[in-house]
Structures are given as structure tokens and as C-alpha cells.
$ cat model23.cif   # mmCIF, C-alpha atoms and all ligand atoms
data_my_file
#
loop_
_atom_site.group_PDB
_atom_site.id
_atom_site.type_symbol
_atom_site.label_atom_id
_atom_site.label_comp_id
_atom_site.auth_asym_id
_atom_site.auth_seq_id
_atom_site.Cartn_x
_atom_site.Cartn_y
_atom_site.Cartn_z
ATOM 1 C CA MET I 1 16.179 -54.371 6.529
ATOM 2 C CA MET I 2 18.070 -51.962 8.810
ATOM 3 C CA LEU I 3 16.211 -49.710 11.213
ATOM 4 C CA GLN I 4 16.245 -46.107 10.017
ATOM 5 C CA ARG I 5 18.763 -43.761 11.606
ATOM 6 C CA ILE I 6 17.409 -40.631 13.284
ATOM 7 C CA LEU I 7 18.007 -37.998 10.597
ATOM 8 C CA PRO I 8 16.820 -40.045 7.587
ATOM 9 C CA ALA I 9 13.798 -41.163 9.600
ATOM 10 C CA GLY I 10 12.969 -37.523 10.341
ATOM 11 C CA LYS I 11 13.235 -36.620 6.669
ATOM 12 C CA ASP I 12 10.957 -39.506 5.724
ATOM 13 C CA PHE I 13 8.285 -38.292 8.176
ATOM 14 C CA ILE I 14 8.341 -35.009 6.256
ATOM 15 C CA LYS I 15 8.559 -36.530 2.742
ATOM 16 C CA GLU I 16 5.493 -38.682 3.392
ATOM 17 C CA ILE I 17 3.166 -35.687 3.637
ATOM 18 C CA VAL I 18 4.698 -32.868 1.575
ATOM 19 C CA SER I 19 3.410 -31.853 -1.868
ATOM 20 C CA PRO I 20 5.374 -29.700 -4.345
ATOM 21 C CA GLU I 21 3.339 -26.538 -3.652
ATOM 22 C CA ASP I 22 3.498 -26.628 0.163
ATOM 23 C CA ILE I 23 4.722 -23.952 2.562
ATOM 24 C CA LEU I 24 7.459 -25.331 4.849
ATOM 25 C CA VAL I 25 9.615 -24.029 7.696
ATOM 26 C CA ASP I 26 13.197 -24.727 8.679
ATOM 27 C CA ALA I 27 13.202 -23.327 12.222
ATOM 28 C CA THR I 28 16.987 -23.727 12.624
ATOM 29 C CA CYS I 29 18.747 -22.975 9.329
ATOM 30 C CA GLY I 30 22.362 -23.484 10.497
ATOM 31 C CA ASN I 31 24.403 -24.679 7.541
ATOM 32 C CA GLY I 32 21.243 -24.855 5.462
ATOM 33 C CA HIS I 33 21.181 -28.595 4.721
ATOM 34 C CA ASP I 34 17.602 -29.039 5.956
ATOM 35 C CA THR I 35 16.538 -25.895 4.105
ATOM 36 C CA ALA I 36 17.977 -27.328 0.885
ATOM 37 C CA PHE I 37 16.150 -30.620 1.512
ATOM 38 C CA LEU I 38 12.840 -28.771 2.008
ATOM 39 C CA SER I 39 13.459 -26.595 -1.035
ATOM 40 C CA ARG I 40 13.808 -29.684 -3.242
ATOM 41 C CA LEU I 41 10.640 -31.210 -1.781
ATOM 42 C CA ALA I 42 8.469 -28.180 -2.503
ATOM 43 C CA PRO I 43 9.748 -26.619 -5.762
ATOM 44 C CA ASP I 44 6.437 -24.813 -6.339
ATOM 45 C CA GLY I 45 5.920 -23.882 -2.695
ATOM 46 C CA HIS I 46 7.924 -21.791 -0.290
ATOM 47 C CA ILE I 47 10.425 -22.401 2.503
ATOM 48 C CA TYR I 48 11.008 -19.982 5.393
ATOM 49 C CA SER I 49 14.351 -20.608 7.060
ATOM 50 C CA PHE I 50 15.161 -18.975 10.410
ATOM 51 C CA ASP I 51 18.393 -18.506 12.334
ATOM 52 C CA VAL I 52 19.607 -16.038 14.953
ATOM 53 C CA GLN I 53 23.152 -16.116 13.546
ATOM 54 C CA ALA I 54 23.844 -13.852 10.565
ATOM 55 C CA GLU I 55 26.868 -16.022 9.603
ATOM 56 C CA ALA I 56 24.658 -19.101 9.352
ATOM 57 C CA ILE I 57 22.027 -17.332 7.263
ATOM 58 C CA ASP I 58 24.654 -15.737 4.990
ATOM 59 C CA SER I 59 26.547 -18.950 4.305
ATOM 60 C CA ALA I 60 23.346 -20.983 3.775
ATOM 61 C CA ARG I 61 22.051 -18.319 1.394
ATOM 62 C CA GLU I 62 25.317 -18.390 -0.541
ATOM 63 C CA LYS I 63 25.202 -22.198 -0.899
ATOM 64 C CA TYR I 64 21.501 -22.795 -1.375
ATOM 65 C CA GLN I 65 19.941 -19.623 -2.805
ATOM 66 C CA ALA I 66 16.700 -20.517 -4.611
ATOM 67 C CA ASP I 67 13.524 -18.675 -5.608
ATOM 68 C CA ASN I 68 11.440 -20.738 -3.205
ATOM 69 C CA ILE I 69 13.489 -19.905 -0.061
ATOM 70 C CA SER I 70 13.203 -16.890 2.255
ATOM 71 C CA PHE I 71 16.089 -16.779 4.711
ATOM 72 C CA VAL I 72 15.084 -14.945 7.890
ATOM 73 C CA HIS I 73 17.681 -13.587 10.281
ATOM 74 C CA ASP I 74 15.515 -13.792 13.381
ATOM 75 C CA GLY I 75 14.607 -16.230 16.137
ATOM 76 C CA HIS I 76 12.058 -18.929 15.382
ATOM 77 C CA GLU I 77 10.013 -17.664 18.330
ATOM 78 C CA ASN I 78 9.051 -14.786 16.002
ATOM 79 C CA ILE I 79 7.701 -17.022 13.222
ATOM 80 C CA SER I 80 4.275 -15.372 13.325
ATOM 81 C CA LYS I 81 5.818 -12.012 12.289
ATOM 82 C CA TYR I 82 6.768 -13.565 8.953
ATOM 83 C CA ILE I 83 4.202 -16.258 8.170
ATOM 84 C CA SER I 84 0.439 -16.116 8.302
ATOM 85 C CA THR I 85 -0.414 -18.738 5.665
ATOM 86 C CA PRO I 86 -0.966 -22.421 6.513
ATOM 87 C CA VAL I 87 2.232 -24.462 6.833
ATOM 88 C CA LYS I 88 2.472 -28.158 5.949
ATOM 89 C CA ALA I 89 5.631 -29.105 7.825
ATOM 90 C CA GLY I 90 8.542 -27.803 9.832
ATOM 91 C CA ILE I 91 11.948 -28.967 11.043
ATOM 92 C CA PHE I 92 13.769 -28.069 14.247
ATOM 93 C CA ASN I 93 17.345 -29.288 14.471
ATOM 94 C CA LEU I 94 18.201 -28.193 18.007
ATOM 95 C CA GLY I 95 21.500 -27.356 19.663
ATOM 96 C CA TYR I 96 24.419 -25.373 18.270
ATOM 97 C CA LEU I 97 25.809 -24.919 14.801
ATOM 98 C CA PRO I 98 28.297 -27.692 13.976
ATOM 99 C CA GLY I 99 31.694 -26.034 13.603
ATOM 100 C CA GLY I 100 30.295 -22.751 14.955
ATOM 101 C CA ASP I 101 29.974 -20.925 18.276
ATOM 102 C CA LYS I 102 28.837 -23.545 20.793
ATOM 103 C CA SER I 103 27.545 -20.871 23.146
ATOM 104 C CA ILE I 104 24.788 -19.963 20.664
ATOM 105 C CA THR I 105 22.324 -22.751 21.088
ATOM 106 C CA THR I 106 18.589 -23.226 20.990
ATOM 107 C CA VAL I 107 16.988 -22.855 24.424
ATOM 108 C CA TYR I 108 13.898 -24.450 25.817
ATOM 109 C CA ASP I 109 11.636 -21.429 26.306
ATOM 110 C CA THR I 110 12.003 -19.967 22.825
ATOM 111 C CA THR I 111 11.945 -23.470 21.316
ATOM 112 C CA ILE I 112 8.640 -24.238 23.036
ATOM 113 C CA THR I 113 7.184 -20.873 21.975
ATOM 114 C CA ALA I 114 8.237 -21.585 18.386
ATOM 115 C CA VAL I 115 6.841 -25.127 18.383
ATOM 116 C CA ASP I 116 3.499 -23.811 19.690
ATOM 117 C CA THR I 117 3.397 -21.004 17.140
ATOM 118 C CA LEU I 118 4.306 -23.277 14.249
ATOM 119 C CA PHE I 119 1.774 -25.862 15.381
ATOM 120 C CA ASN I 120 -0.944 -23.195 15.250
ATOM 121 C CA LEU I 121 0.005 -22.474 11.625
ATOM 122 C CA LEU I 122 0.062 -26.173 10.631
ATOM 123 C CA THR I 123 -2.598 -27.569 8.324
ATOM 124 C CA PRO I 124 -4.455 -30.617 9.676
ATOM 125 C CA GLY I 125 -2.261 -33.628 8.924
ATOM 126 C CA GLY I 126 0.815 -31.375 8.972
ATOM 127 C CA ARG I 127 3.930 -32.420 10.862
ATOM 128 C CA ILE I 128 6.780 -30.888 12.850
ATOM 129 C CA ILE I 129 9.923 -32.886 13.434
ATOM 130 C CA ILE I 130 12.360 -31.965 16.192
ATOM 131 C CA VAL I 131 15.851 -33.453 16.327
ATOM 132 C CA VAL I 132 16.879 -33.256 19.983
ATOM 133 C CA TYR I 133 20.594 -33.059 20.827
ATOM 134 C CA HIS I 134 21.054 -33.606 24.550
ATOM 135 C CA GLY I 135 24.790 -34.189 24.940
ATOM 136 C CA HIS I 136 25.442 -30.632 26.193
ATOM 137 C CA ASP I 137 24.111 -29.061 29.411
ATOM 138 C CA SER I 138 21.494 -26.744 27.917
ATOM 139 C CA GLY I 139 20.458 -29.559 25.577
ATOM 140 C CA LYS I 140 19.527 -31.683 28.596
ATOM 141 C CA ILE I 141 17.418 -28.849 30.023
ATOM 142 C CA GLU I 142 15.779 -28.312 26.626
ATOM 143 C CA ARG I 143 15.107 -32.048 26.239
ATOM 144 C CA ASP I 144 13.427 -32.315 29.644
ATOM 145 C CA ALA I 145 11.322 -29.191 29.124
ATOM 146 C CA LEU I 146 10.200 -30.315 25.667
ATOM 147 C CA LEU I 147 9.294 -33.811 26.820
ATOM 148 C CA GLU I 148 7.341 -32.437 29.785
ATOM 149 C CA ASN I 149 5.525 -29.912 27.609
ATOM 150 C CA LEU I 150 4.707 -32.208 24.669
ATOM 151 C CA SER I 151 3.690 -35.157 26.871
ATOM 152 C CA ALA I 152 0.855 -32.993 28.191
ATOM 153 C CA TRP I 153 -0.633 -32.114 24.789
ATOM 154 C CA PRO I 154 -4.191 -33.472 24.484
ATOM 155 C CA GLN I 155 -4.531 -36.563 22.301
ATOM 156 C CA ASP I 156 -7.312 -34.984 20.260
ATOM 157 C CA LYS I 157 -5.028 -32.106 19.258
ATOM 158 C CA ALA I 158 -1.943 -33.956 18.055
ATOM 159 C CA GLN I 159 -0.088 -37.217 17.947
ATOM 160 C CA VAL I 160 3.396 -36.862 19.435
ATOM 161 C CA LEU I 161 5.921 -39.580 18.717
ATOM 162 C CA GLN I 162 9.368 -40.110 20.262
ATOM 163 C CA TYR I 163 11.727 -42.068 17.979
ATOM 164 C CA GLN I 164 14.854 -42.983 19.898
ATOM 165 C CA TYR I 165 17.475 -45.681 20.100
ATOM 166 C CA ILE I 166 17.793 -46.517 23.783
ATOM 167 C CA ASN I 167 21.086 -48.451 23.716
ATOM 168 C CA GLN I 168 23.368 -45.882 22.056
ATOM 169 C CA LYS I 169 26.301 -44.197 23.789
ATOM 170 C CA ASN I 170 27.022 -40.502 24.286
ATOM 171 C CA SER I 171 23.496 -39.125 24.492
ATOM 172 C CA ALA I 172 22.763 -39.856 20.835
ATOM 173 C CA PRO I 173 20.167 -37.490 19.337
ATOM 174 C CA PHE I 174 16.545 -38.528 19.102
ATOM 175 C CA LEU I 175 13.518 -37.431 17.187
ATOM 176 C CA LEU I 176 10.160 -36.012 18.193
ATOM 177 C CA VAL I 177 7.396 -35.971 15.583
ATOM 178 C CA ILE I 178 4.240 -33.928 16.073
ATOM 179 C CA GLU I 179 1.293 -34.531 13.748
ATOM 180 C CA LYS I 180 -1.704 -32.217 13.830
ATOM 181 C CA LEU I 181 -4.880 -34.242 13.829
ATOM 182 C CA LYS I 182 -7.322 -33.876 10.942
HETATM 183 N N1 LIG W 1 19.579 -27.562 10.402
HETATM 184 C C1 LIG W 1 20.928 -27.093 10.416
HETATM 185 C C2 LIG W 1 21.718 -27.634 9.250
HETATM 186 O O1 LIG W 1 21.122 -28.260 8.344
HETATM 187 O O2 LIG W 1 22.920 -27.386 9.194
HETATM 188 C C3 LIG W 1 21.630 -27.306 11.741
HETATM 189 C C4 LIG W 1 21.035 -26.461 12.842
HETATM 190 S S1 LIG W 1 22.089 -26.225 14.240
HETATM 191 C C5 LIG W 1 22.033 -27.776 15.045
HETATM 192 C C6 LIG W 1 21.080 -25.211 15.294
HETATM 193 C C7 LIG W 1 20.927 -23.775 14.800
HETATM 194 O O3 LIG W 1 19.899 -23.153 15.552
HETATM 195 C C8 LIG W 1 22.172 -22.908 14.962
HETATM 196 O O4 LIG W 1 22.599 -22.425 13.720
HETATM 197 C C9 LIG W 1 21.700 -21.756 15.867
HETATM 198 O O5 LIG W 1 22.230 -20.495 15.517
HETATM 199 C C10 LIG W 1 20.210 -21.774 15.615
HETATM 200 N N2 LIG W 1 19.390 -21.129 16.648
HETATM 201 C C11 LIG W 1 19.636 -20.995 17.978
HETATM 202 N N3 LIG W 1 18.613 -20.335 18.562
HETATM 203 C C12 LIG W 1 17.710 -20.064 17.580
HETATM 204 C C13 LIG W 1 16.449 -19.387 17.559
HETATM 205 N N4 LIG W 1 15.902 -18.897 18.658
HETATM 206 N N5 LIG W 1 15.826 -19.269 16.366
HETATM 207 C C14 LIG W 1 16.373 -19.781 15.223
HETATM 208 N N6 LIG W 1 17.555 -20.420 15.191
HETATM 209 C C15 LIG W 1 18.208 -20.557 16.355
#

$ encode --input "model23.cif" --output "C-alpha cells"
Amino acid sequence: MMLQRILPAGKDFIKEIVSPEDILVDATCGNGHDTAFLSRLAPDGHIYSFDVQAEAIDSAREKYQADNISFVHDGHENISKYISTPVKAGIFNLGYLPGGDKSITTVYDTTITAVDTLFNLLTPGGRIIIVVYHGHDSGKIERDALLENLSAWPQDKAQVLQYQYINQKNSAPFLLVIEKLK
């Protein structure tokens, strides 16, 4: 059996806990692929999908429009303006939009604010996965800040897992998984 690659592994961490009626968050909509994945997982629930770029939101909405998705043209650091109900799981796919403007990228301070806010909305047993891209300069800063922040979370609050291949070239992405303790 092959070891799971990063993105499928991340999706499996979400699939394991999600039920059809759950509320889910895609914190970085981009091209909308993760939003579409979440929408299929929770057909009777609801998905909130955030992005700061109108082009990303518009093209994802065009491709993946569904009754159970709300596309939100706003930063994920403002999640609490839009959601007050308990959330089962969330995905952050950090960095810049593939094929888009590379200067518009997630940054550590708003990412950490958003992770904290989403964690507070999570149901016990809920999970957040974060795909960390650290090949670009701000990605390295974001990686270091996230690792420093999450490493300090108390063990009785959450389990935080780092899933990473350590012998891959070119700063291959890795995964962080946060599980809220029951
Ligand atoms: N999950 C996406 C997909 O399936 O195509 C890829 C996401 S892409 C790597 C990162 C996205 O995060 C970009 O579209 C970017 O505009 C967005 N972004 C950057 N800062 C953000 C913020 N503060 N809040 C929400 N989205 C943000």
C-alpha cells in the first residue's frame, strides 16, 4: 500500500468525521475544488466558502453553484460575521491562487486569526485541515508563524498533527490537522 499524498490525506481526515447534514467551511475558495468536495460530502448541510478575490469567487460560483453553498467575498478572518452555528470541519489551502495573481496570498496574521475563530466555532471532534505551501517567501513566514502558534496550543484543547514528507524536493506542501477534543 502506498503512503497517502498530502491532498488526498487531508480530504480523508475530513471525510472520516463529516455527516451529510454538517456545516463546513472552505476558508480559501480559490478555484472552488475544495468547496465542491465539501458540498458533495454534506448535501443536506451547508458550506461557507471565503475568498478575498472576486474573480475566484465568481468563477467558483459559476462552476460549482449549489443550494448548499454560500460563497462569501470576504477574508476568512471575518468568518464570525457570517457564521454563528457550530461547524464540523474546515479547510485552509494556503498560498496564492494557481494561475492567478501571485501577489495575493494568504498571510500569517489573518490566517492565524481565522484558524482561531473557526476553531471556536468547531463542534467537539471537529477538524480543521491546513495545507501549507512554503515554496514562496511569504509562505515560509506563514509556515513558521503557524507552527509556532499551533505548537503552543494546550493538549487538552486540541490535537494538532503535522503530516509531511521530509525527503521531497522544492518545499513540497505539508498538512496540519487540528482536532477539537471532545
Ligand atoms: N482551495 C482552492 C482550490 O480548490 O482551488 C485553492 C486556494 S488558493 C491556494 C488560496 C486562495 O486564498 C486564493 O484564492 C486567495 O485569493 C485566497 N486568500 C488569500 N487571502 C485570503 C483571506 N484572507 N481570506 C480568504 N481567502 C484568502

$ residues_near_ligand --input "model23.cif" --ligand "ligand LIG 1 (chain W)" --cutoff "8 Å" --atoms "all atoms listed in the file" --output "VMD selection string"
chain I and resid 26 to 35 50 to 53 56 74 to 77 91 to 98 100 104 to 107 110 to 111 133

$ resolve_selection --input "model23.cif" --expression "the PyMOL selection byres (((chain I and resi 177) around 7) and not hetatm)" --output "PDB file with C-alpha atoms, in the frame of the given file"
ATOM      1  CA  ARG I 127       3.930 -32.420  10.862  1.00  0.00           C
ATOM      2  CA  ILE I 128       6.780 -30.888  12.850  1.00  0.00           C
ATOM      3  CA  ILE I 129       9.923 -32.886  13.434  1.00  0.00           C
ATOM      4  CA  ILE I 130      12.360 -31.965  16.192  1.00  0.00           C
ATOM      5  CA  VAL I 160       3.396 -36.862  19.435  1.00  0.00           C
ATOM      6  CA  LEU I 161       5.921 -39.580  18.717  1.00  0.00           C
ATOM      7  CA  GLN I 162       9.368 -40.110  20.262  1.00  0.00           C
ATOM      8  CA  LEU I 175      13.518 -37.431  17.187  1.00  0.00           C
ATOM      9  CA  LEU I 176      10.160 -36.012  18.193  1.00  0.00           C
ATOM     10  CA  ILE I 178       4.240 -33.928  16.073  1.00  0.00           C
ATOM     11  CA  GLU I 179       1.293 -34.531  13.748  1.00  0.00           C
TER      12      GLU I 179
END

$ atom_distance --input "model23.cif" --atom1 "atom CA of Asn68 of chain I" --atom2 "atom CA of Ser19 of chain I"
13.8 Å

$ resolve_selection --input "model23.cif" --expression "the PyMOL selection byres (((chain I and resi 181) around 6) and not hetatm)" --output "PyMOL selection string"
chain I and resi 124-125+157-158+180+182

$ resolve_selection --input "model23.cif" --expression "the PyMOL selection byres (((chain I and resi 38) around 9) and not hetatm)" --output "MDAnalysis selection string"
chainID I and resid 14:15 24:26 33:37 39:43 46:47 90

$ atom_distance --input "model23.cif" --atom1 "atom CA of Ser171 of chain I" --atom2 "atom CA of Asp101 of chain I"
20.3 Å

$ atom_distance --input "model23.cif" --atom1 "atom CA of Ile6 of chain I" --atom2 "atom CA of Phe174 of chain I"
6.2 Å
